[in-house]
file query_16.cif (mmCIF, C-alpha atoms)
data_structure
loop_
_atom_site.group_PDB
_atom_site.id
_atom_site.type_symbol
_atom_site.label_atom_id
_atom_site.label_comp_id
_atom_site.auth_asym_id
_atom_site.auth_seq_id
_atom_site.Cartn_x
_atom_site.Cartn_y
_atom_site.Cartn_z
ATOM 1 C CA MET A 1 -21.676 -7.188 -21.956
ATOM 2 C CA TYR A 2 -18.942 -6.496 -19.454
ATOM 3 C CA GLY A 3 -15.814 -4.626 -20.406
ATOM 4 C CA THR A 4 -14.706 -2.436 -23.251
ATOM 5 C CA GLN A 5 -13.237 -3.942 -26.377
ATOM 6 C CA LYS A 6 -9.641 -2.878 -27.020
ATOM 7 C CA ALA A 7 -10.335 -2.667 -30.766
ATOM 8 C CA TYR A 8 -13.156 -0.191 -30.126
ATOM 9 C CA VAL A 9 -10.905 2.005 -27.987
ATOM 10 C CA GLU A 10 -8.103 1.906 -30.551
ATOM 11 C CA ARG A 11 -10.525 2.758 -33.388
ATOM 12 C CA LYS A 12 -11.965 5.765 -31.546
ATOM 13 C CA LEU A 13 -8.501 7.025 -30.597
ATOM 14 C CA ALA A 14 -7.406 6.656 -34.234
ATOM 15 C CA GLU A 15 -10.413 8.827 -35.165
ATOM 16 C CA GLY A 16 -8.996 11.510 -32.855
ATOM 17 C CA LYS A 17 -11.621 11.041 -30.167
ATOM 18 C CA ASN A 18 -11.066 10.914 -26.433
ATOM 19 C CA LEU A 19 -12.844 8.288 -24.378
ATOM 20 C CA ILE A 20 -14.002 8.159 -20.792
ATOM 21 C CA LEU A 21 -14.174 4.676 -19.314
ATOM 22 C CA GLU A 22 -15.822 4.041 -15.955
ATOM 23 C CA LEU A 23 -13.725 1.307 -14.370
ATOM 24 C CA ASP A 24 -12.809 -0.080 -10.994
ATOM 25 C CA THR A 25 -9.201 0.464 -9.925
ATOM 26 C CA ALA A 26 -8.064 -2.952 -11.139
ATOM 27 C CA GLY A 27 -9.504 -2.301 -14.600
ATOM 28 C CA ALA A 28 -8.076 1.210 -14.759
ATOM 29 C CA LEU A 29 -4.610 0.057 -13.760
ATOM 30 C CA ASN A 30 -4.827 -2.718 -16.345
ATOM 31 C CA VAL A 31 -5.632 -0.136 -19.030
ATOM 32 C CA LYS A 32 -2.612 1.903 -17.899
ATOM 33 C CA LYS A 33 -0.370 -1.167 -18.351
ATOM 34 C CA ILE A 34 -1.645 -1.682 -21.887
ATOM 35 C CA MET A 35 -1.793 2.026 -22.761
ATOM 36 C CA PRO A 36 0.711 3.969 -20.618
ATOM 37 C CA GLU A 37 -0.475 7.241 -22.157
ATOM 38 C CA ALA A 38 -3.927 6.777 -20.590
ATOM 39 C CA CYS A 39 -4.855 9.398 -18.020
ATOM 40 C CA LEU A 40 -6.364 7.894 -14.863
ATOM 41 C CA ILE A 41 -8.734 10.038 -12.810
ATOM 42 C CA PHE A 42 -10.037 8.746 -9.478
ATOM 43 C CA ILE A 43 -13.297 10.243 -8.197
ATOM 44 C CA LEU A 44 -13.197 10.426 -4.405
ATOM 45 C CA PRO A 45 -16.075 10.932 -1.987
ATOM 46 C CA PRO A 46 -15.747 13.995 0.272
ATOM 47 C CA SER A 47 -15.183 11.633 3.179
ATOM 48 C CA PHE A 48 -15.721 8.027 4.107
ATOM 49 C CA GLU A 49 -18.563 9.113 6.398
ATOM 50 C CA GLU A 50 -20.261 11.054 3.602
ATOM 51 C CA LEU A 51 -19.998 8.047 1.299
ATOM 52 C CA GLU A 52 -21.594 5.829 3.923
ATOM 53 C CA SER A 53 -24.355 8.393 4.418
ATOM 54 C CA ARG A 54 -24.997 8.541 0.653
ATOM 55 C CA LEU A 55 -25.178 4.752 0.377
ATOM 56 C CA ARG A 56 -27.549 4.460 3.316
ATOM 57 C CA GLY A 57 -29.665 7.376 2.092
ATOM 58 C CA ARG A 58 -30.430 5.590 -1.155
ATOM 59 C CA ASN A 59 -32.180 2.723 0.683
ATOM 60 C CA THR A 60 -31.379 0.419 -2.228
ATOM 61 C CA GLU A 61 -28.952 -2.024 -0.624
ATOM 62 C CA SER A 62 -28.907 -4.369 2.319
ATOM 63 C CA GLU A 63 -26.647 -3.751 5.305
ATOM 64 C CA GLU A 64 -24.420 -6.573 4.094
ATOM 65 C CA ALA A 65 -24.091 -4.987 0.637
ATOM 66 C CA ILE A 66 -23.304 -1.586 2.151
ATOM 67 C CA GLN A 67 -20.584 -3.056 4.355
ATOM 68 C CA LYS A 68 -19.099 -4.914 1.394
ATOM 69 C CA ARG A 69 -19.004 -1.717 -0.680
ATOM 70 C CA LEU A 70 -17.448 0.264 2.166
ATOM 71 C CA ASN A 71 -14.735 -2.349 2.605
ATOM 72 C CA THR A 72 -14.049 -2.300 -1.136
ATOM 73 C CA VAL A 73 -13.819 1.495 -1.116
ATOM 74 C CA LYS A 74 -11.009 1.397 1.440
ATOM 75 C CA ILE A 75 -8.959 -0.778 -0.923
ATOM 76 C CA GLU A 76 -9.884 1.322 -3.963
ATOM 77 C CA ILE A 77 -8.856 4.567 -2.246
ATOM 78 C CA GLU A 78 -5.509 3.040 -1.328
ATOM 79 C CA ARG A 79 -4.971 2.038 -4.975
ATOM 80 C CA SER A 80 -5.922 5.542 -6.139
ATOM 81 C CA LYS A 81 -2.353 6.571 -5.298
ATOM 82 C CA GLU A 82 -1.415 5.028 -8.646
ATOM 83 C CA PHE A 83 -3.770 7.337 -10.575
ATOM 84 C CA ASP A 84 -2.701 10.521 -12.360
ATOM 85 C CA TYR A 85 -5.394 12.729 -10.808
ATOM 86 C CA LYS A 86 -7.873 12.642 -7.953
ATOM 87 C CA VAL A 87 -11.079 14.671 -7.938
ATOM 88 C CA VAL A 88 -13.169 15.001 -4.789
ATOM 89 C CA ASN A 89 -16.896 14.820 -5.499
ATOM 90 C CA ASP A 90 -17.979 17.259 -2.800
ATOM 91 C CA ASP A 91 -19.466 19.919 -5.068
ATOM 92 C CA LEU A 92 -20.743 18.790 -8.475
ATOM 93 C CA ASP A 93 -19.970 22.016 -10.346
ATOM 94 C CA LYS A 94 -16.477 22.210 -8.872
ATOM 95 C CA ALA A 95 -15.780 18.531 -9.628
ATOM 96 C CA LEU A 96 -16.995 18.920 -13.226
ATOM 97 C CA LYS A 97 -14.791 21.989 -13.714
ATOM 98 C CA LEU A 98 -11.768 20.058 -12.443
ATOM 99 C CA LEU A 99 -12.559 17.162 -14.779
ATOM 100 C CA GLU A 100 -12.904 19.543 -17.724
ATOM 101 C CA ASN A 101 -9.538 21.116 -16.889
ATOM 102 C CA ILE A 102 -7.859 17.735 -16.679
ATOM 103 C CA MET A 103 -9.355 16.565 -19.954
ATOM 104 C CA CYS A 104 -8.385 19.742 -21.803
ATOM 105 C CA ASN A 105 -4.702 19.437 -20.887
#

call {"tool": "encode", "arguments": {"input": "query_16.cif", "output": "structure tokens"}}
result
Amino acid sequence: MYGTQKAYVERKLAEGKNLILELDTAGALNVKKIMPEACLIFILPPSFEELESRLRGRNTESEEAIQKRLNTVKIEIERSKEFDYKVVNDDLDKALKLLENIMCN
């Protein structure tokens, strides 16, 4: 199943729970339109070059798929300007600490 049901989100929020949704920028910005109180956090790679290196290092995608993902990332990073927070995933412990701080505020 693709997507998260609005009723599920509303039910969990009514129960006093916070939710983390993993979405592309279009989906995240759509959530923000529906629920302006939503906090959007964009996870950035340390650099475009590092992202490319990570994708290639996995050896799980064709060259065509890698190029498509890299082109999409450029658009996604541009749209990240509309997010509330940006966290650079350069050091896992540091990134997790930043996420925890954002979520606790």

call {"tool": "residues_around", "arguments": {"input": "query_16.cif", "residues": "segment 45-62 of chain A", "least_positions_apart": "2", "cutoff": "10 Å", "atoms": "only C-alpha atoms", "output": "PyMOL selection string"}}
result
chain A and resi 42-43+64-70+73-74+77+87-91

call {"tool": "resolve_selection", "arguments": {"input": "query_16.cif", "expression": "the PyMOL selection byres ((chain A and resi 17-22) around 10)", "output": "compact mmCIF listing (two decimals) with C-alpha atoms, keeping the file's coordinate frame"}}
result
# COMPACT_ATOMS: atom_id res chain seq x y z
CA GLY A 3 -15.81 -4.63 -20.41
CA THR A 4 -14.71 -2.44 -23.25
CA VAL A 9 -10.90 2.00 -27.99
CA GLU A 10 -8.10 1.91 -30.55
CA ARG A 11 -10.52 2.76 -33.39
CA LYS A 12 -11.96 5.76 -31.55
CA LEU A 13 -8.50 7.02 -30.60
CA ALA A 14 -7.41 6.66 -34.23
CA GLU A 15 -10.41 8.83 -35.16
CA GLY A 16 -9.00 11.51 -32.85
CA LEU A 23 -13.72 1.31 -14.37
CA ASP A 24 -12.81 -0.08 -10.99
CA THR A 25 -9.20 0.46 -9.93
CA GLY A 27 -9.50 -2.30 -14.60
CA ALA A 28 -8.08 1.21 -14.76
CA VAL A 31 -5.63 -0.14 -19.03
CA ALA A 38 -3.93 6.78 -20.59
CA CYS A 39 -4.86 9.40 -18.02
CA LEU A 40 -6.36 7.89 -14.86
CA ILE A 41 -8.73 10.04 -12.81
CA PHE A 42 -10.04 8.75 -9.48
CA MET A 103 -9.36 16.57 -19.95

call {"tool": "atom_distance", "arguments": {"input": "query_16.cif", "atom1": "atom CA of Glu37 of chain A", "atom2": "atom CA of Ser80 of chain A"}}
result
17.0 Å

call {"tool": "atom_distance", "arguments": {"input": "query_16.cif", "atom1": "atom CA of Leu44 of chain A", "atom2": "atom CA of Glu76 of chain A"}}
result
9.7 Å

call {"tool": "build_atoms", "arguments": {"input": "query_16.cif", "residues": "segment 19-30 of chain A", "atoms": "all heavy atoms", "output": "PDB file, in the coordinates of the input"}}
result
ATOM      1  N   LEU A  19     -11.853   9.164 -24.986  1.00  0.00           N
ATOM      2  CA  LEU A  19     -12.844   8.288 -24.378  1.00  0.00           C
ATOM      3  C   LEU A  19     -12.787   8.410 -22.868  1.00  0.00           C
ATOM      4  O   LEU A  19     -11.722   8.617 -22.295  1.00  0.00           O
ATOM      5  CB  LEU A  19     -12.572   6.829 -24.757  1.00  0.00           C
ATOM      6  CG  LEU A  19     -12.650   6.502 -26.232  1.00  0.00           C
ATOM      7  CD1 LEU A  19     -12.038   5.149 -26.502  1.00  0.00           C
ATOM      8  CD2 LEU A  19     -14.093   6.525 -26.681  1.00  0.00           C
ATOM      9  N   ILE A  20     -13.923   8.252 -22.249  1.00  0.00           N
ATOM     10  CA  ILE A  20     -14.002   8.159 -20.792  1.00  0.00           C
ATOM     11  C   ILE A  20     -14.532   6.768 -20.481  1.00  0.00           C
ATOM     12  O   ILE A  20     -15.608   6.389 -20.947  1.00  0.00           O
ATOM     13  CB  ILE A  20     -14.942   9.223 -20.201  1.00  0.00           C
ATOM     14  CG1 ILE A  20     -14.405  10.620 -20.499  1.00  0.00           C
ATOM     15  CG2 ILE A  20     -15.105   8.999 -18.694  1.00  0.00           C
ATOM     16  CD1 ILE A  20     -15.338  11.735 -20.077  1.00  0.00           C
ATOM     17  N   LEU A  21     -13.763   6.013 -19.718  1.00  0.00           N
ATOM     18  CA  LEU A  21     -14.174   4.676 -19.314  1.00  0.00           C
ATOM     19  C   LEU A  21     -14.414   4.683 -17.816  1.00  0.00           C
ATOM     20  O   LEU A  21     -13.579   5.163 -17.060  1.00  0.00           O
ATOM     21  CB  LEU A  21     -13.090   3.649 -19.655  1.00  0.00           C
ATOM     22  CG  LEU A  21     -12.628   3.590 -21.113  1.00  0.00           C
ATOM     23  CD1 LEU A  21     -11.491   2.588 -21.261  1.00  0.00           C
ATOM     24  CD2 LEU A  21     -13.780   3.221 -22.033  1.00  0.00           C
ATOM     25  N   GLU A  22     -15.525   4.156 -17.384  1.00  0.00           N
ATOM     26  CA  GLU A  22     -15.822   4.041 -15.955  1.00  0.00           C
ATOM     27  C   GLU A  22     -15.405   2.638 -15.524  1.00  0.00           C
ATOM     28  O   GLU A  22     -16.028   1.649 -15.898  1.00  0.00           O
ATOM     29  CB  GLU A  22     -17.316   4.259 -15.696  1.00  0.00           C
ATOM     30  CG  GLU A  22     -17.655   4.205 -14.239  1.00  0.00           C
ATOM     31  CD  GLU A  22     -19.139   4.383 -13.972  1.00  0.00           C
ATOM     32  OE1 GLU A  22     -19.888   4.737 -14.892  1.00  0.00           O
ATOM     33  OE2 GLU A  22     -19.520   4.151 -12.822  1.00  0.00           O
ATOM     34  N   LEU A  23     -14.317   2.584 -14.744  1.00  0.00           N
ATOM     35  CA  LEU A  23     -13.725   1.307 -14.370  1.00  0.00           C
ATOM     36  C   LEU A  23     -13.425   1.254 -12.883  1.00  0.00           C
ATOM     37  O   LEU A  23     -13.238   2.293 -12.247  1.00  0.00           O
ATOM     38  CB  LEU A  23     -12.389   1.120 -15.124  1.00  0.00           C
ATOM     39  CG  LEU A  23     -12.425   1.272 -16.642  1.00  0.00           C
ATOM     40  CD1 LEU A  23     -11.019   1.378 -17.191  1.00  0.00           C
ATOM     41  CD2 LEU A  23     -13.148   0.096 -17.257  1.00  0.00           C
ATOM     42  N   ASP A  24     -13.324   0.043 -12.352  1.00  0.00           N
ATOM     43  CA  ASP A  24     -12.809  -0.080 -10.994  1.00  0.00           C
ATOM     44  C   ASP A  24     -11.292   0.101 -11.062  1.00  0.00           C
ATOM     45  O   ASP A  24     -10.717   0.213 -12.153  1.00  0.00           O
ATOM     46  CB  ASP A  24     -13.216  -1.413 -10.358  1.00  0.00           C
ATOM     47  CG  ASP A  24     -12.672  -2.635 -11.082  1.00  0.00           C
ATOM     48  OD1 ASP A  24     -11.789  -2.515 -11.954  1.00  0.00           O
ATOM     49  OD2 ASP A  24     -13.133  -3.740 -10.764  1.00  0.00           O
ATOM     50  N   THR A  25     -10.637   0.177  -9.913  1.00  0.00           N
ATOM     51  CA  THR A  25      -9.201   0.464  -9.925  1.00  0.00           C
ATOM     52  C   THR A  25      -8.413  -0.619 -10.646  1.00  0.00           C
ATOM     53  O   THR A  25      -7.467  -0.311 -11.368  1.00  0.00           O
ATOM     54  CB  THR A  25      -8.646   0.661  -8.507  1.00  0.00           C
ATOM     55  OG1 THR A  25      -8.979  -0.464  -7.702  1.00  0.00           O
ATOM     56  CG2 THR A  25      -9.158   1.925  -7.868  1.00  0.00           C
ATOM     57  N   ALA A  26      -8.788  -1.871 -10.473  1.00  0.00           N
ATOM     58  CA  ALA A  26      -8.064  -2.952 -11.139  1.00  0.00           C
ATOM     59  C   ALA A  26      -8.149  -2.789 -12.657  1.00  0.00           C
ATOM     60  O   ALA A  26      -7.146  -2.912 -13.368  1.00  0.00           O
ATOM     61  CB  ALA A  26      -8.606  -4.308 -10.713  1.00  0.00           C
ATOM     62  N   GLY A  27      -9.329  -2.499 -13.164  1.00  0.00           N
ATOM     63  CA  GLY A  27      -9.504  -2.301 -14.600  1.00  0.00           C
ATOM     64  C   GLY A  27      -8.745  -1.094 -15.109  1.00  0.00           C
ATOM     65  O   GLY A  27      -8.113  -1.138 -16.169  1.00  0.00           O
ATOM     66  N   ALA A  28      -8.786  -0.005 -14.351  1.00  0.00           N
ATOM     67  CA  ALA A  28      -8.076   1.210 -14.759  1.00  0.00           C
ATOM     68  C   ALA A  28      -6.568   0.976 -14.802  1.00  0.00           C
ATOM     69  O   ALA A  28      -5.895   1.387 -15.752  1.00  0.00           O
ATOM     70  CB  ALA A  28      -8.410   2.349 -13.800  1.00  0.00           C
ATOM     71  N   LEU A  29      -6.049   0.314 -13.792  1.00  0.00           N
ATOM     72  CA  LEU A  29      -4.610   0.057 -13.760  1.00  0.00           C
ATOM     73  C   LEU A  29      -4.199  -0.921 -14.855  1.00  0.00           C
ATOM     74  O   LEU A  29      -3.088  -0.821 -15.396  1.00  0.00           O
ATOM     75  CB  LEU A  29      -4.190  -0.429 -12.375  1.00  0.00           C
ATOM     76  CG  LEU A  29      -4.347   0.629 -11.269  1.00  0.00           C
ATOM     77  CD1 LEU A  29      -4.126   0.017  -9.902  1.00  0.00           C
ATOM     78  CD2 LEU A  29      -3.433   1.817 -11.496  1.00  0.00           C
ATOM     79  N   ASN A  30      -5.096  -1.814 -15.225  1.00  0.00           N
ATOM     80  CA  ASN A  30      -4.827  -2.718 -16.345  1.00  0.00           C
ATOM     81  C   ASN A  30      -4.759  -1.937 -17.656  1.00  0.00           C
ATOM     82  O   ASN A  30      -3.886  -2.183 -18.494  1.00  0.00           O
ATOM     83  CB  ASN A  30      -5.880  -3.819 -16.416  1.00  0.00           C
ATOM     84  CG  ASN A  30      -5.513  -4.895 -17.411  1.00  0.00           C
ATOM     85  OD1 ASN A  30      -4.385  -5.370 -17.434  1.00  0.00           O
ATOM     86  ND2 ASN A  30      -6.471  -5.279 -18.232  1.00  0.00           N
TER      87      ASN A  30
END
